[in-house]
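K.L.:
Supplied structure: final_10.tsv, TSV, C-alpha atoms.
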```
chain	number	residue	atom	x	y	z
J	647	MET	CA	241.02	226.50	252.16
J	648	SER	CA	238.81	227.30	249.18
J	649	PHE	CA	239.00	231.05	249.88
J	650	LEU	CA	242.79	230.86	250.25
J	651	ARG	CA	243.10	229.02	246.91
J	652	LEU	CA	240.90	231.63	245.22
J	653	ALA	CA	242.98	234.45	246.71
J	654	VAL	CA	246.17	232.80	245.43
J	655	CYS	CA	244.64	232.35	241.96
J	656	VAL	CA	243.48	235.98	241.78
J	657	PHE	CA	246.87	237.24	242.96
J	658	GLY	CA	248.65	234.96	240.49
J	659	VAL	CA	246.55	236.00	237.47
J	660	TYR	CA	246.79	239.71	238.33
J	661	SER	CA	250.50	239.81	239.13
J	662	MET	CA	251.69	237.57	236.29
J	663	PHE	CA	249.61	239.11	233.50
J	664	LEU	CA	250.10	242.71	234.59
J	665	LEU	CA	253.87	242.13	234.49
J	666	TRP	CA	253.43	240.24	231.20
J	667	ALA	CA	251.53	243.20	229.69
J	668	ILE	CA	254.27	245.66	230.70
J	669	SER	CA	256.96	243.47	229.13
J	670	GLN	CA	254.87	242.91	225.97
J	671	GLU	CA	254.50	246.63	225.39
J	672	ARG	CA	258.19	247.21	226.11
J	673	LEU	CA	259.14	244.60	223.48
J	674	SER	CA	257.21	246.54	220.82
J	675	VAL	CA	259.36	249.70	221.06
J	676	PRO	CA	263.01	250.26	219.97
J	677	PHE	CA	265.96	249.09	222.05
J	678	GLN	CA	269.27	250.94	222.22
J	679	SER	CA	272.22	249.13	220.70
J	680	LEU	CA	275.30	248.15	222.70
J	681	ASP	CA	277.33	251.07	221.33
J	682	GLY	CA	274.51	253.51	222.08
J	683	LYS	CA	274.45	254.90	218.55
J	684	THR	CA	271.21	253.39	217.23
J	685	SER	CA	267.82	252.21	218.46
J	686	ASP	CA	266.13	249.31	216.69
J	687	LYS	CA	262.91	247.35	217.01
J	688	PHE	CA	262.91	243.63	217.70
J	689	LYS	CA	261.54	241.95	214.56
J	690	SER	CA	261.36	238.27	215.53
J	691	PRO	CA	257.79	237.54	216.69
J	692	ILE	CA	258.15	233.79	216.09
J	693	PHE	CA	261.17	233.74	218.43
J	694	LEU	CA	259.05	235.48	221.09
J	695	SER	CA	256.38	232.80	220.70
J	696	THR	CA	259.00	230.05	220.98
J	697	CYS	CA	260.33	231.44	224.26
J	698	GLN	CA	256.89	231.66	225.84
J	699	SER	CA	255.51	228.34	224.56
J	700	ALA	CA	258.67	226.47	225.65
J	701	LEU	CA	258.45	227.80	229.19
J	702	SER	CA	254.67	227.24	229.25
J	703	SER	CA	254.97	223.58	228.23
J	704	MET	CA	257.71	223.01	230.83
J	705	SER	CA	255.69	224.68	233.59
J	706	ALA	CA	252.62	222.60	232.68
J	707	LEU	CA	254.70	219.42	232.71
J	708	VAL	CA	256.17	220.26	236.13
J	709	TYR	CA	252.66	220.95	237.42
J	710	LEU	CA	251.38	217.61	236.11
J	711	PHE	CA	254.26	215.73	237.73
J	712	LEU	CA	253.68	217.50	241.05
J	713	ARG	CA	250.00	216.45	240.94
J	714	ARG	CA	250.76	212.93	239.68
J	715	ARG	CA	248.76	210.12	241.30
J	716	PRO	CA	250.55	207.01	242.60
J	717	GLY	CA	250.87	204.37	239.87
J	718	GLN	CA	249.89	206.75	237.08
J	719	THR	CA	251.75	206.07	233.84
J	720	LEU	CA	253.32	208.81	231.73
J	721	SER	CA	250.73	208.42	228.96
J	722	GLU	CA	247.93	208.66	231.53
J	723	LEU	CA	249.59	211.70	233.07
J	724	LEU	CA	249.67	213.43	229.68
J	725	GLY	CA	246.10	212.38	228.84
J	726	ILE	CA	246.80	210.25	225.77
J	727	SER	CA	246.69	206.67	227.03
J	728	SER	CA	242.96	206.11	226.59
J	729	VAL	CA	240.91	209.04	225.44
J	730	ALA	CA	237.51	209.19	227.07
J	731	TYR	CA	234.75	210.50	224.82
J	732	THR	CA	231.93	212.67	226.14
J	733	LYS	CA	228.63	212.44	224.31
J	734	THR	CA	226.81	215.67	223.57
J	735	LYS	CA	223.93	216.26	225.94
J	736	SER	CA	220.36	215.89	224.77
J	737	ASN	CA	219.61	219.62	225.04
J	738	GLY	CA	222.35	220.33	222.55
J	739	ALA	CA	224.74	221.99	224.98
J	740	ALA	CA	228.34	221.09	224.53
J	741	ASN	CA	229.54	219.51	227.75
J	742	GLY	CA	232.07	221.66	229.52
J	743	THR	CA	231.63	224.82	227.44
J	744	ALA	CA	229.62	227.96	228.01
J	745	ASN	CA	230.17	229.52	224.62
J	746	GLY	CA	227.25	228.12	222.73
J	747	HIS	CA	225.09	225.18	221.83
J	748	VAL	CA	225.40	222.57	219.12
J	749	ARG	CA	222.54	222.78	216.65
J	750	SER	CA	220.57	219.62	217.03
J	751	ASN	CA	217.05	218.25	217.05
J	752	GLY	CA	217.41	216.37	220.28
J	753	HIS	CA	219.82	213.61	221.16
J	754	VAL	CA	223.11	213.52	219.31
J	755	SER	CA	224.49	210.08	218.81
J	756	ALA	CA	228.15	209.34	219.25
J	757	PRO	CA	230.03	208.44	216.10
J	758	SER	CA	230.41	204.80	215.24
J	759	GLU	CA	233.93	204.79	216.62
J	760	ASN	CA	235.07	206.67	219.70
J	761	PRO	CA	237.69	209.32	218.93
J	762	SER	CA	241.24	208.11	219.50
J	763	SER	CA	244.27	209.83	220.97
J	764	LYS	CA	245.28	210.52	217.36
J	765	SER	CA	242.19	212.64	216.76
J	766	LEU	CA	242.84	214.49	220.04
J	767	LEU	CA	246.42	215.24	219.00
J	768	LEU	CA	245.14	216.53	215.66
J	769	ARG	CA	242.96	219.00	217.57
J	770	TYR	CA	246.00	220.08	219.58
J	771	ILE	CA	247.99	220.53	216.35
J	772	GLN	CA	245.16	222.62	214.95
J	773	CYS	CA	245.28	224.88	218.04
J	774	SER	CA	249.07	225.18	217.82
J	775	PHE	CA	248.84	226.37	214.20
J	776	PHE	CA	246.22	228.98	215.09
J	777	ILE	CA	248.26	230.27	218.06
J	778	THR	CA	251.57	230.31	216.15
J	779	PHE	CA	250.22	232.46	213.33
J	780	ALA	CA	248.02	234.65	215.57
J	781	ALA	CA	250.87	235.96	217.76
J	782	PRO	CA	252.86	237.82	215.03
J	783	PHE	CA	249.76	239.77	213.97
J	784	GLY	CA	249.11	240.90	217.54
J	785	PHE	CA	252.76	241.94	217.88
J	786	ALA	CA	252.70	243.82	214.53
J	787	ALA	CA	249.51	245.67	215.49
J	788	LEU	CA	251.39	247.49	218.26
J	789	SER	CA	253.41	249.36	215.62
J	790	HIS	CA	250.20	251.04	214.44
J	791	ILE	CA	247.88	251.36	217.46
J	792	SER	CA	248.41	252.12	221.14
J	793	TYR	CA	248.61	249.34	223.71
J	794	PRO	CA	245.40	250.47	225.50
J	795	ALA	CA	243.57	250.16	222.16
J	796	MET	CA	244.95	246.66	221.72
J	797	VAL	CA	243.98	245.61	225.27
J	798	LEU	CA	240.48	246.95	224.73
J	799	ALA	CA	240.10	245.12	221.42
J	800	LYS	CA	241.51	241.90	222.91
J	801	SER	CA	238.84	242.18	225.63
J	802	CYS	CA	236.30	241.67	222.84
J	803	LYS	CA	237.37	238.13	222.05
J	804	LEU	CA	233.74	237.04	222.45
J	805	VAL	CA	232.99	238.38	218.95
J	806	PRO	CA	235.43	236.21	216.94
J	807	VAL	CA	234.84	233.27	219.30
J	808	MET	CA	231.13	233.43	218.49
J	809	VAL	CA	231.77	233.77	214.76
J	810	MET	CA	234.24	230.88	214.63
J	811	ASN	CA	231.98	228.66	216.75
J	812	VAL	CA	229.16	229.27	214.27
J	813	ILE	CA	231.38	228.70	211.22
J	814	LEU	CA	233.44	225.73	212.46
J	815	TYR	CA	231.08	223.90	214.83
J	816	ARG	CA	227.57	225.22	213.96
J	817	ARG	CA	226.73	226.51	217.43
J	818	ALA	CA	223.91	228.95	218.16
J	819	PHE	CA	224.03	231.56	220.95
J	820	ALA	CA	221.71	233.18	223.45
J	821	ARG	CA	220.19	236.55	222.49
J	822	HIS	CA	222.04	238.53	225.15
J	823	LYS	CA	225.36	237.63	223.49
J	824	TYR	CA	224.37	239.58	220.41
J	825	VAL	CA	223.65	242.60	222.64
J	826	VAL	CA	227.12	242.19	224.12
J	827	VAL	CA	228.64	242.06	220.62
J	828	ALA	CA	226.78	245.25	219.64
J	829	LEU	CA	228.01	247.13	222.73
J	830	VAL	CA	231.57	245.92	222.25
J	831	THR	CA	231.58	246.91	218.57
J	832	LEU	CA	230.17	250.35	219.41
J	833	GLY	CA	232.74	250.87	222.16
J	834	ILE	CA	235.69	249.91	219.94
J	835	THR	CA	234.40	252.22	217.19
J	836	MET	CA	234.18	255.09	219.69
J	837	PHE	CA	237.64	254.38	221.08
J	838	MET	CA	239.29	254.36	217.66
J	839	GLY	CA	237.18	257.24	216.27
J	840	PHE	CA	237.91	259.62	219.16
J	841	GLY	CA	241.61	258.73	219.33
J	842	GLY	CA	244.09	261.55	219.01
J	843	GLU	CA	247.39	260.09	220.18
J	844	GLY	CA	248.18	258.11	217.05
J	845	GLY	CA	247.97	261.17	214.82
J	846	LYS	CA	250.27	263.20	217.06
J	847	LYS	CA	252.80	260.42	217.25
J	848	HIS	CA	253.05	259.87	213.52
J	849	SER	CA	252.85	263.57	212.66
J	850	ALA	CA	255.84	264.21	214.91
J	851	LYS	CA	257.84	261.95	212.64
J	852	GLY	CA	257.04	264.12	209.63
J	853	GLN	CA	254.72	261.59	208.10
J	854	GLY	CA	251.74	263.91	208.05
J	855	ASN	CA	248.28	263.02	209.31
J	856	THR	CA	248.37	259.24	208.88
J	857	THR	CA	246.17	258.37	211.85
J	858	LEU	CA	243.46	256.74	209.75
J	859	ARG	CA	245.90	254.63	207.73
J	860	HIS	CA	247.74	253.39	210.80
J	861	SER	CA	244.47	252.69	212.62
J	862	ILE	CA	243.17	250.66	209.68
J	863	ILE	CA	246.41	248.66	209.39
J	864	GLY	CA	246.62	248.09	213.14
J	865	MET	CA	242.99	247.05	213.49
J	866	THR	CA	243.29	244.78	210.44
J	867	TYR	CA	246.25	243.00	212.01
J	868	LEU	CA	244.37	242.80	215.29
J	869	LEU	CA	241.25	241.46	213.57
J	870	ILE	CA	243.30	238.64	212.03
J	871	ASN	CA	244.78	237.96	215.46
J	872	LEU	CA	241.32	237.85	217.06
J	873	ILE	CA	239.90	235.58	214.34
J	874	LEU	CA	242.73	233.09	214.88
J	875	ASP	CA	242.25	233.41	218.66
J	876	GLY	CA	238.55	232.74	218.16
J	877	ALA	CA	239.35	229.63	216.13
J	878	THR	CA	241.70	228.50	218.93
J	879	ASN	CA	239.11	229.04	221.66
J	880	SER	CA	236.33	227.31	219.71
J	881	THR	CA	238.60	224.32	219.07
J	882	GLN	CA	239.53	224.18	222.77
J	883	ASP	CA	235.81	224.25	223.63
J	884	GLU	CA	235.32	221.34	221.23
J	885	VAL	CA	238.13	219.38	222.91
J	886	PHE	CA	236.68	219.94	226.38
J	887	ALA	CA	233.22	218.99	225.08
J	888	ARG	CA	234.33	215.71	223.45
J	889	TYR	CA	237.31	214.52	225.49
J	890	LYS	CA	237.98	214.13	229.18
J	891	VAL	CA	241.22	216.06	229.46
J	892	SER	CA	242.43	218.48	232.09
J	893	GLY	CA	243.37	222.08	231.41
J	894	GLN	CA	247.00	221.41	232.31
J	895	GLN	CA	247.20	218.50	229.86
J	896	MET	CA	245.84	220.73	227.11
J	897	MET	CA	248.24	223.50	228.14
J	898	PHE	CA	251.22	221.13	227.89
J	899	TRP	CA	250.37	219.65	224.49
J	900	ILE	CA	249.39	222.88	222.76
J	901	ASN	CA	252.48	224.73	224.00
J	902	PHE	CA	254.75	221.76	223.27
J	903	LEU	CA	253.47	221.55	219.69
J	904	CYS	CA	253.73	225.34	219.34
J	905	THR	CA	257.37	225.10	220.40
J	906	LEU	CA	258.09	222.43	217.79
J	907	LEU	CA	256.34	224.44	215.08
J	908	THR	CA	257.92	227.82	215.88
J	909	SER	CA	261.37	226.26	216.33
J	910	SER	CA	261.09	224.67	212.88
J	911	ILE	CA	260.04	227.98	211.33
J	912	SER	CA	262.84	229.84	213.11
J	913	VAL	CA	265.60	227.79	211.46
J	914	LEU	CA	264.21	228.06	207.92
J	915	PRO	CA	265.86	230.65	205.61
J	916	LEU	CA	262.55	232.20	204.61
J	917	PRO	CA	262.18	235.23	202.32
J	918	HIS	CA	260.97	238.50	203.77
J	919	ILE	CA	257.29	238.07	204.70
J	920	PRO	CA	255.50	241.06	206.26
J	921	VAL	CA	254.32	240.35	209.83
J	922	LEU	CA	255.25	236.64	209.79
J	923	HIS	CA	258.94	236.97	208.88
J	924	PRO	CA	259.94	240.65	208.92
J	925	SER	CA	263.66	239.81	209.06
J	926	GLN	CA	265.90	240.16	206.02
J	927	GLY	CA	265.13	237.72	203.21
J	928	GLY	CA	267.12	234.49	203.28
J	929	GLU	CA	268.13	234.91	206.93
J	930	THR	CA	266.75	232.57	209.58
J	931	GLU	CA	264.74	234.21	212.32
J	932	LEU	CA	266.74	232.39	215.00
J	933	LYS	CA	269.99	233.89	213.68
J	934	SER	CA	268.59	237.42	213.47
J	935	ALA	CA	267.01	237.12	216.95
J	936	LEU	CA	270.23	235.90	218.59
J	937	GLU	CA	272.20	238.64	216.80
J	938	PHE	CA	269.72	241.23	218.11
J	939	LEU	CA	270.13	239.89	221.64
J	940	ARG	CA	273.92	240.19	221.30
J	941	THR	CA	273.85	243.77	220.01
J	942	HIS	CA	270.90	244.94	222.16
J	943	PRO	CA	271.35	243.23	225.56
J	944	SER	CA	268.73	245.52	227.16
J	945	ILE	CA	266.04	243.30	225.57
J	946	ILE	CA	267.00	240.24	227.61
J	947	TYR	CA	265.20	241.27	230.82
J	948	PRO	CA	261.80	242.15	229.24
J	949	LEU	CA	262.04	239.05	227.03
J	950	ALA	CA	262.63	236.79	230.04
J	951	GLN	CA	259.84	238.56	231.94
J	952	PHE	CA	257.48	238.11	228.97
J	953	ALA	CA	258.13	234.36	228.68
J	954	LEU	CA	258.18	233.55	232.41
J	955	THR	CA	255.14	235.55	233.49
J	956	GLY	CA	253.13	234.26	230.51
J	957	ALA	CA	253.95	230.66	231.43
J	958	LEU	CA	253.14	231.06	235.14
J	959	GLY	CA	250.04	233.09	234.35
J	960	GLN	CA	248.62	230.26	232.27
J	961	LEU	CA	248.97	227.90	235.23
J	962	PHE	CA	246.92	230.23	237.43
J	963	ILE	CA	244.34	230.57	234.65
J	964	PHE	CA	243.86	226.79	234.37
J	965	GLU	CA	243.91	226.38	238.17
J	966	THR	CA	241.11	228.94	238.47
J	967	LEU	CA	239.14	227.30	235.68
J	968	GLN	CA	239.49	223.84	237.24
J	969	HIS	CA	238.46	224.76	240.80
J	970	PHE	CA	236.15	227.79	240.43
J	971	GLY	CA	234.71	227.60	236.90
J	972	SER	CA	234.49	229.91	233.93
J	973	LEU	CA	232.32	232.53	235.67
J	974	THR	CA	234.98	233.35	238.24
J	975	LEU	CA	237.66	233.26	235.55
J	976	VAL	CA	235.70	235.69	233.33
J	977	THR	CA	235.32	238.09	236.26
J	978	ILE	CA	239.03	237.94	237.09
J	979	THR	CA	240.22	238.35	233.51
J	980	LEU	CA	237.73	241.18	232.84
J	981	THR	CA	238.98	243.27	235.76
J	982	ARG	CA	242.58	242.30	234.98
J	983	LYS	CA	242.28	243.71	231.45
J	984	LEU	CA	240.83	246.93	232.83
J	985	PHE	CA	243.77	247.28	235.21
J	986	THR	CA	246.17	246.37	232.38
J	987	MET	CA	244.86	249.26	230.29
J	988	LEU	CA	245.08	251.67	233.24
J	989	LEU	CA	248.58	250.45	234.11
J	990	SER	CA	249.71	250.98	230.51
J	991	VAL	CA	248.32	254.53	230.58
J	992	VAL	CA	250.25	255.27	233.79
J	993	VAL	CA	253.55	253.48	233.03
J	994	TYR	CA	253.92	254.58	229.40
J	995	ASN	CA	252.07	257.92	229.70
J	996	HIS	CA	249.40	257.26	227.06
J	997	LYS	CA	246.93	260.11	226.62
J	998	LEU	CA	243.29	259.08	226.20
J	999	THR	CA	240.58	261.53	225.11
J	1000	PRO	CA	237.22	261.72	226.94
J	1001	GLY	CA	235.66	259.98	223.92
J	1002	GLN	CA	238.11	257.10	224.28
J	1003	TRP	CA	237.32	256.72	227.99
J	1004	ALA	CA	233.62	256.66	227.05
J	1005	GLY	CA	234.29	253.98	224.40
J	1006	ALA	CA	236.25	251.89	226.90
J	1007	SER	CA	233.37	252.19	229.37
J	1008	VAL	CA	230.90	250.95	226.74
J	1009	VAL	CA	233.13	247.94	225.98
J	1010	PHE	CA	233.51	246.97	229.64
J	1011	ALA	CA	229.78	247.52	230.16
J	1012	GLY	CA	229.09	245.02	227.39
J	1013	ILE	CA	231.46	242.45	228.85
J	1014	SER	CA	229.94	243.05	232.31
J	1015	VAL	CA	226.52	242.16	230.87
J	1016	GLU	CA	227.99	238.82	229.79
J	1017	ALA	CA	229.44	238.20	233.28
J	1018	TRP	CA	226.15	239.20	234.98
J	1019	VAL	CA	224.06	236.86	232.80
J	1020	LYS	CA	226.47	234.01	233.54
J	1021	ARG	CA	226.11	234.70	237.26
J	1022	GLN	CA	222.32	234.61	236.92
J	1023	ASP	CA	222.53	231.28	235.05
J	1024	VAL	CA	224.76	229.77	237.73
J	1025	HIS	CA	222.42	230.99	240.47
J	1026	ALA	CA	219.36	229.58	238.67
J	1027	LYS	CA	221.04	226.18	238.26
J	1028	ARG	CA	221.99	226.18	241.95
J	1029	VAL	CA	218.38	226.91	242.94
J	1030	ILE	CA	217.12	224.07	240.72
J	1031	ARG	CA	219.62	221.64	242.28
J	1032	GLU	CA	218.55	222.66	245.79
J	1033	GLU	CA	214.88	222.18	244.90
J	1034	GLU	CA	215.64	218.72	243.47
J	1035	LYS	CA	217.52	217.77	246.64
J	1036	ALA	CA	214.60	218.97	248.77
J	1037	LYS	CA	212.16	216.85	246.73
J	1038	LEU	CA	214.35	213.77	247.11
J	1039	LYS	CA	214.54	214.26	250.87
J	1040	SER	CA	210.78	214.59	251.12
J	1041	LEU	CA	210.21	211.20	249.40
```
Please lay out the structure from this file as structure tokens.
P.N.:
Amino acid sequence: MSFLRLAVCVFGVYSMFLLWAISQERLSVPFQSLDGKTSDKFKSPIFLSTCQSALSSMSALVYLFLRRRPGQTLSELLGISSVAYTKTKSNGAANGTANGHVRSNGHVSAPSENPSSKSLLLRYIQCSFFITFAAPFGFAALSHISYPAMVLAKSCKLVPVMVMNVILYRRAFARHKYVVVALVTLGITMFMGFGGEGGKKHSAKGQGNTTLRHSIIGMTYLLINLILDGATNSTQDEVFARYKVSGQQMMFWINFLCTLLTSSISVLPLPHIPVLHPSQGGETELKSALEFLRTHPSIIYPLAQFALTGALGQLFIFETLQHFGSLTLVTITLTRKLFTMLLSVVVYNHKLTPGQWAGASVVFAGISVEAWVKRQDVHAKRVIREEEKAKLKSL
């Protein structure tokens, strides 16, 4: 049964996120208008986020109801009736997280008052803000760098996660993580430095050799996206460390709050704001998005695929995390990102130079070091538990 569940989780993560990646890249290129005379890019990233977060919150809610225990109230189902607080362990490790350790001199006392559901909701709101403003920067980066470059950079989320954990929650990290960061940084530098496709693409448009400028803009957007992602992940680690909530409960609340936030932004007549509101000034993003759907109906299928596969993929992610742990999840997502990059190269005919393949290999080697060390840690802990059980039996 356990093997079957793992097989289903692996298949779900692979299939959903590979389809999601194809649709995401398709949404970043122009769509032909209904009359066939023009091709235009979709410029409503907040609307994209609304579609995905709405479906994700609904799928999480359906999942929670399907797994509902007899007699469980709605507030208990959603994890807000009585928030259980988890004290930090005496060795300084944050309970439930593998990203770092809280700096401490021993035991960390709980605060005078246990955190309430209000403080938990504030953490969820914080995550929803980070996610809402991270997505447009990732979407905008695709106008300046290739999708394989973006996938490779997104595989390096460990770097901003480490930085934001240190800044926001004062966590220290094991030495091998700094080696991983060095390899990842070197690999990304090689990938971008040996790139040749971007220059050809922009030169063909008569813009001259603008490879460096586009790479800098694209990587700047992506860096902002990764920093906000790192802040999201570190806050989620903090929630799991301090509160007894399930992954599906967190998934529901964060996506529900994201939907409220993005929906509110979508109906505001904001001025033109690069990246965040690239539509015409004074026009609501919801109006411009619906108008684009009416005049470019070919976008409907990839948009629906993007939202649906992202929502279902998150369920498989949290199911894997709940039953098999972060080590298995890291292994699955690492190989999935490799296949995503290869699939993008095949489907959209990206041309990578030998130097770029070498850079990608260095990046995945660095991430593999992280996965191998985690496996060694898990094995060591298992050996210690078996030795303790043997001692107890001998008494």
K.L.:
Between J:Leu998, J:Val885, J:Met836, J:Ala706, which is the closest to Met897 in chain J once you count only C-alpha atoms?
P.N.:
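Of J:Leu998, J:Val885, J:Met836, J:Ala706, the one nearest Met897 in chain J is J:Ala706, counting only C-alpha atoms.
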K.L.:
Between J:Gly876, J:Pro782, J:Pro794, J:Gly717, single out the one closest to Ile813 in chain J, counting all atoms listed in the file.
P.N.:
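When distances to Ile813 in chain J are compared using all atoms listed in the file, the smallest one comes from J:Gly876.
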K.L.:
Determine the nearest neighbour of Ala653 in chain J from the options J:Leu701, J:Leu798, J:Ile978, J:Leu868, counting only C-alpha atoms.
P.N.:
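Smallest separation from Ala653 in chain J among the options: J:Ile978.
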K.L.:
Rank J:Val797, J:Val708, J:Val654, J:Leu680 by their smallest atom-to-atom distance to Phe985 in chain J, using all atoms listed in the file, and report the top residue only.
P.N.:
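Smallest distance to Phe985 in chain J is found for J:Val797.
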K.L.:
Find the distance between CA of His996 in chain J and CA of Phe779 in chain J and write it in Å to one decimal.
P.N.:
28.4 Å
K.L.:
When you draw a straight line from CA of Leu694 in chain J to CA of Tyr947 in chain J, how long is it in Å?
P.N.:
12.9 Å
K.L.:
From the list J:Ala953, J:Val809, J:Cys655, J:Val1009, which residue is nearest Leu872 in chain J when using only C-alpha atoms?
P.N.:
J:Val809
K.L.:
For each of J:Ala1006, J:Cys697, J:Ile863, J:Ala667, take the minimum atom-to-atom distance to Ile946 in chain J, counting all atoms listed in the file, then give the residue where this is smallest.
P.N.:
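Going through J:Ala1006, J:Cys697, J:Ile863, J:Ala667 one by one, the smallest distance to Ile946 in chain J is for J:Cys697.
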K.L.:
Excluding Ser892 in chain J and its own-chain neighbours fewer than 6 positions away, which residues fall within 12 Å of it when counting all atoms listed in the file? Please give them as a list in words.
P.N.:
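The residues that qualify are Ala706, Tyr709, Leu710, Arg713, Glu722, Leu723, Leu724, Gly725, Ile726, Val729, Ala730, Gly742, Gln882, Val885, Phe886, Phe898, Trp899, Leu961, Phe964, Glu965, Leu967, Gln968 and His969 of chain J.
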K.L.:
State, in Å with one decimal place, the distance from CA of Ala957 in chain J to CA of Ala1011 in chain J.
P.N.:
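Computed distance, CA of Ala957 in chain J to CA of Ala1011 in chain J, equals 29.5 Å.
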K.L.:
Which residues, protein or nucleic acid, reach to within 12 Å of (270.3, 241.0, 210.5) in the file's coordinates when using only C-alpha atoms, and can you give that as a PDB file with C-alpha atoms, in the coordinates of the input?
P.N.:
```pdb
ATOM      1  CA  ASP J 686     266.130 249.310 216.690  1.00  0.00           C
ATOM      2  CA  LYS J 687     262.910 247.350 217.010  1.00  0.00           C
ATOM      3  CA  PHE J 688     262.910 243.630 217.700  1.00  0.00           C
ATOM      4  CA  LYS J 689     261.540 241.950 214.560  1.00  0.00           C
ATOM      5  CA  SER J 690     261.360 238.270 215.530  1.00  0.00           C
ATOM      6  CA  HIS J 918     260.970 238.500 203.770  1.00  0.00           C
ATOM      7  CA  PRO J 924     259.940 240.650 208.920  1.00  0.00           C
ATOM      8  CA  SER J 925     263.660 239.810 209.060  1.00  0.00           C
ATOM      9  CA  GLN J 926     265.900 240.160 206.020  1.00  0.00           C
ATOM     10  CA  GLY J 927     265.130 237.720 203.210  1.00  0.00           C
ATOM     11  CA  GLY J 928     267.120 234.490 203.280  1.00  0.00           C
ATOM     12  CA  GLU J 929     268.130 234.910 206.930  1.00  0.00           C
ATOM     13  CA  THR J 930     266.750 232.570 209.580  1.00  0.00           C
ATOM     14  CA  GLU J 931     264.740 234.210 212.320  1.00  0.00           C
ATOM     15  CA  LEU J 932     266.740 232.390 215.000  1.00  0.00           C
ATOM     16  CA  LYS J 933     269.990 233.890 213.680  1.00  0.00           C
ATOM     17  CA  SER J 934     268.590 237.420 213.470  1.00  0.00           C
ATOM     18  CA  ALA J 935     267.010 237.120 216.950  1.00  0.00           C
ATOM     19  CA  LEU J 936     270.230 235.900 218.590  1.00  0.00           C
ATOM     20  CA  GLU J 937     272.200 238.640 216.800  1.00  0.00           C
ATOM     21  CA  PHE J 938     269.720 241.230 218.110  1.00  0.00           C
ATOM     22  CA  LEU J 939     270.130 239.890 221.640  1.00  0.00           C
ATOM     23  CA  ARG J 940     273.920 240.190 221.300  1.00  0.00           C
ATOM     24  CA  THR J 941     273.850 243.770 220.010  1.00  0.00           C
TER      25      THR J 941
END
```
K.L.:
Quick one: residues within 7 Å of Tyr770 in chain J, all atoms listed in the file counted, chain neighbours fewer than 3 positions away excluded, as a PyMOL selection string?
P.N.:
chain J and resi 766-767+773-774+899-900
